[in-house]
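Heads up: the structure comes next, in structure tokens.
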Number of protein chains: 2
Amino acid sequence: MPCLATSFVREEGEAIFRLLYTRGMAEQAPQAEQIGLVVEVRNGPGVLHRLTGIIFHHGGDITSVAILDNDRPVVSVFFEIGGGDIAVMEQEMQMMEGVRSVGRTTTLQKVYGKRLIIIGGGAQVGQVAIGAISEADRHNIRGERISVDTIPLVGEKNLADAVRAVARLPRAKALVLAGSLMGGDIEKAVREVRDKGLLVISLNMAGSVPEAADLVVSDPVQAGVMAVMAIADTASFNVARLKNRVF
Amino acid sequence: MPCLATSFVREEGEAIFRLLYTRGMAEQAPQAEQIGLVVEVRNGPGVLHRLTGIIFHHGGDITSVAILDNDRPVVSVFFEIGGGDIAVMEQEMQMMEGVRSVGRTTTLQKVYGKRLIIIGGGAQVGQVAIGAISEADRHNIRGERISVDTIPLVGEKNLADAVRAVARLPRAKALVLAGSLMGGDIEKAVREVRDKGLLVISLNMAGSVPEAADLVVSDPVQAGVMAVMAIADTASFNVARLKNRVF
């Protein structure tokens with residue numbers, strides 16, 4: 001596979017830089033302790049604006065937010081907040097018009113942790129998932145938190161959209177492309193999300209996607225295992241240090 | 001299994017009501033077309049408050065919001081907005097201090113759709129995932145969008161936390177508990193998330209969790225398939241109409 005080899009040599013410098021950069025971000029000083037707040041509030045215009053105003057005025061830094069049951073009369077808004085006077089925020093929210101309840105809860109980062117995303121054809125996504133879930137189990141037992149999230153899809157446009165959307169998924173750290181033929185706009189999308197710091201592993205397959213990936217793996221189970229090793233802090237596996245990028 | 005059977009008979013009336021209610025919510029008039037907006041903005045206090053203010057003032061209804069790269073100097077905020085004057089919002093956001101770019105994008109609902117969550121021991125989570133991913137593939141080919149998201153975990157507290165947190169995951173529609181022994185606080189958590197309208201399927205296992213679930217399935221692959229069938233609009237499978245709740 002001379003084409004792949006050339007591509008990897010050419011890109012290696014940049015890849016190492018990017019991966020070290022990403023790793024550097026992961027190793028920077030831990031953020032302030034995050035607190036989860038769930039607010040149940042009557043659905044209506046401006047609710048999120050008023051709630052974020054309360055958090056802002058009491059010095060809170062919102063690191064994550066989710067809106068649930070938006071199609072119902074009472075909506076749940078879930079914040080993860082670092083810093084600020086949480087007790088005062090809670091009190092003010094409780095007095096806000098339409099608010100039914102305010103409660104503290106665990107953060108999704110603590111419960112589900114980092115996410116590995118697997119996208120492609122059903123047969124292969126399933127096999128990659130088997131490897132990834134088994135490996136995540138071994139790390140989660142040692143105190144890690146790694147989730148394995150998947151979607152089986154068909155078609156260049158659907159796949160390219162899904163790859164680009166990984167960059168908008170909270171806590172997504174790596175992507176495995178599991179298929180037999182992927183190229184064109186999917187390759188472009190892979191390069192875009194890699195530029196944003198996402199690690200991309202591709203099965204060895206037809207099309208140009210393997211050339212664009214950080215790592216190419218032939219066995220789907222191994223691809224899943226390697227992807228989890230690459231994002232686990234409890235593993236001593238660093239894609240940037242690999243001499244070979246095709247397995 | 002007389003204990004299970006009794007439990008199912010006792011709960012059946014309530015279960016049917018709740019499932020029909022959930023289904024009714026799913027079938028209500030579709031919401032206004034959702035537009036995705038990605039805003040890249042210098043990280044700092046009050047950013048979300050100012051952005052939501054712009055959306056509120058121009059009549060937008062925020063159905064989903066996510067904050068990405070919150071540990072970096074430039075943060076991406078991703079909104080899904082129904083209604084309102086999107087073009088004017090874009091213009092005002094572009095003029096907001098610290099904003100680098102504003103762009104439209106596809107919504108996560110369109111790209112990843114409904115989510116099935118699988119939680120439990122690695123070996124069994126992997127087998128349920130195989131069934132669920134294969135079945136999701138078949139529905140996604142026919143125009144559905146179903147994702148299969150998993151986390152392997154050990155320990156009553158971790159599992160109970162993860163079950164409760166499913167209620168805070170956007171687009172989560174059903175949960176499969178895949179293990180060999182689950183009870184205690186996990187059972188409580190199952191009853192709580194069922195009360196919030198989530199469909200819960202349990203493998204046939206030791207402990208009290210099967211008694212608390214909507215459906216009990218012995219074969220993990222079939223459990224994954226049934227879970228996807230239950231949330232797919234392209235399937236004619238309705239848990240509420242089943243006479244048997246243990247398979």
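Just remember, in the structure tokens the first chain shown is A, the second B, etc., residues are 1-based per chain, and ligands are 1-based in the order shown.
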### Task
For chain B, work out the contacting residues on chain A at 7 Å, counting only C-alpha atoms, and write them as a ChimeraX atom specification.
/A:45-46,48-49,52-53,56,61,63-68,70,111,122-123,126,129-130,133-134,136-137,140-141,146-154,161-162,168,170
### Message
For the helix (DSSP H, G or I) assignment from backbone DSSP, which residues of stretch 51-94 of chain B qualify? Please present them as a PyMOL selection string.
### Response
chain B and resi 51-57+86-94
### Secondary structure check, strand (DSSP E or B) residues of stretch 49-224 of chain A, as a PyMOL selection string
chain A and resi 61-68+74-82+99-105+114-120+146-152+172-178+181+199-203+206+215-217
### Task
Find the distance between atom CA of B:Val74 and atom CA of B:Glu97 and write it in Å to one decimal.
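Here the two named atoms are 12.6 Å from each other.
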### Task
Would you kindly return, as a ChimeraX atom specification, each protein, DNA or RNA residue with an atom no farther than 10 Å from any atom of B:Ala227, considering only C-alpha atoms and excluding same-chain residues fewer than 2 positions away?
/B:116-118,128,131-132,135-136,173-176,199-202,215,222-225,229-232,237,239
### Query
Using only C-alpha atoms, which residues sit within 9 Å of B:Gly183 once same-chain residues fewer than 5 positions away are excluded, as an MDAnalysis selection string?
chainID B and resid 156 188 206:210
With a distance cut-off of 6 Å and only C-alpha atoms, select the neighbouring residues of A:Asp85, excluding the residue or stretch itself and same-chain residues fewer than 2 positions from it, and output the selection as an mmCIF file with all heavy atoms, in the first residue's frame.
```cif
data_model
loop_
_atom_site.group_PDB
_atom_site.id
_atom_site.type_symbol
_atom_site.label_atom_id
_atom_site.label_comp_id
_atom_site.auth_asym_id
_atom_site.auth_seq_id
_atom_site.Cartn_x
_atom_site.Cartn_y
_atom_site.Cartn_z
ATOM 1 N N HIS A 58 -23.932 35.309 39.171
ATOM 2 C CA HIS A 58 -23.314 34.786 40.397
ATOM 3 C C HIS A 58 -21.994 34.075 40.117
ATOM 4 O O HIS A 58 -21.574 33.210 40.874
ATOM 5 C CB HIS A 58 -24.310 33.900 41.152
ATOM 6 C CG HIS A 58 -25.491 34.690 41.612
ATOM 7 N ND1 HIS A 58 -25.412 35.608 42.641
ATOM 8 C CD2 HIS A 58 -26.761 34.772 41.145
ATOM 9 C CE1 HIS A 58 -26.592 36.192 42.801
ATOM 10 N NE2 HIS A 58 -27.420 35.712 41.898
ATOM 11 N N ALA A 87 -25.235 27.862 45.632
ATOM 12 C CA ALA A 87 -26.386 27.913 46.541
ATOM 13 C C ALA A 87 -27.275 29.120 46.231
ATOM 14 O O ALA A 87 -28.503 29.009 46.198
ATOM 15 C CB ALA A 87 -25.901 27.950 47.991
ATOM 16 N N VAL A 88 -26.639 30.270 45.966
ATOM 17 C CA VAL A 88 -27.414 31.478 45.654
ATOM 18 C C VAL A 88 -28.131 31.319 44.307
ATOM 19 O O VAL A 88 -29.281 31.712 44.132
ATOM 20 C CB VAL A 88 -26.499 32.722 45.661
ATOM 21 C CG1 VAL A 88 -27.270 33.953 45.211
ATOM 22 C CG2 VAL A 88 -25.918 32.934 47.038
#
```
